[in-house]
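Quick notes on the structure that follows.
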Amino acid sequence: MTDFPHTRPSGCPFDPAAGYADLLAGPQPAKVSTPLGVDAWVVSRYDEVREVLSNPNLSSRSAPSAHMSPHADLEREVDSGSVLQNDGERHAHLRRLLTAEFTVKRVQALRPRIVDLVEEHLDRLLATGGPVDLVEHFALPIPSLVICELLGVPYADRDQFQHWSALLLSVQRTPQEQQETSEEIQQYMAKLVLAKHEDRSADDLLTRLITRAEDQGTPLTVPELVSIGITLLIAGHETTANMIGLSTLALLRNPDQLEQLREHPEIAPAAVEEMLRYLTVVQFGLFRHVLDDIPIGDETVKAGEYLIAAITAGNRDTSVFPDADRIDLTRKASAHLAFGFGPHQCLGQQLARVELIEVYTRLFRRIPGLRLAVPFEELEFKHDALVYGLAALPVTWEAK
């Protein structure tokens, strides 16, 4: 039995762990040992990943990438407000309450504000001049502002909740850090939720959610609202922020593709889908608990066992994406697995798409000479985080 692959090849920070190639070439599923200390089956080919993620006999009751944390508690009771970990009708009910907030129409209504935020931050970059950390001053604040405004979370608290996010998404956190961080962010969100319960005048997602659930005769408790709020706050800025930084670097390293995007900004939507596929920042796959025996390939995965859907590998499956290890911004990649698949597919994917499209359309046009301000080899990547990205991206450009 082999270890679950999670170490990226040296010098190739955009490629998944080398072991994924062996998994793709081998029988499906394959048995691996995990950092958590449990054995699990892995599916890595595109078709099998889609199949298992839509199978109702697989439960998401464990955290999405719990297999990567040596201290994860697989027996911990699931919070009734957890969109990520509930299954069946409870999960469907929570998604129904939230879907209205993430429809294409509502997200498109947010586009003018997103455009303003992108332009405002580009103005500041150009006024300040390089070198500058693009993560700190562009990639992180834009999605953070968007999700704060959407939820009704004070943006002034961003440093604190970004610190909590980093700890909760680290596979190196200790049980004590996990507990202390969870308690701190829960207390923070509970205070916010209680304030919105008392004052319904604000037009934000949490206030609308409180009212919508009550109107439907299924009011959400404060702990449930806290769980929902924390999930949306962390997911709403971490994934997009890391995508902005990492994809910017990947395009700088592929100047032919960057030039194509700069000359033809109309391909930005396709470029976003391709970069989502190519980078797949939820880097360790999705962990599932098997509820009933399911046949996969020549194996029967038994009830009570665990399974990992390796979405990173599925997005590099050459039977679906020819020449999958190469960036092709004109590729039709919208069927990628970066947002997952099935009932737990990412709720906020349309919001992420709009933010990325506006960044891709504007960043490289307004700063055409953007380049690294340090040697590539000095960049620090988040190898131990559940959401892959850059710790910092120092860039510069020639002043006009």
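Each chain in the structure tokens gets a letter, A, B, ..., in the order shown, and its residues are numbered from 1; ligands are numbered from 1 in order too.
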Inset, instruction - Give me every alpha helix (DSSP H) residue in region 175-287 of chain A, going by DSSP on the backbone, as number ranges by chain. - result: A: 175-198, 205-215, 222-252, 255-263, 268-279
Inset, instruction - Write down as a PyMOL selection string the residues belonging to region 86-296 of chain A that are assigned strand (DSSP E) by DSSP computed on the backbone. - result: chain A and resi 132-133+286-290+294-296
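Interatomic distance, CA of Tyr188 (chain A) to CA of Thr99 (chain A): 24.6 Å.
Minimum distance to Pro295 (chain A) across A:Leu36, A:Ile367, A:Ala391, A:Val52 (counting only C-alpha atoms) occurs at A:Val52.
The smallest atom-to-atom distance between Arg113 (chain A) and any of A:Leu351, A:Leu23, A:Ile294, A:Ala399, using only C-alpha atoms, is found for A:Leu351.
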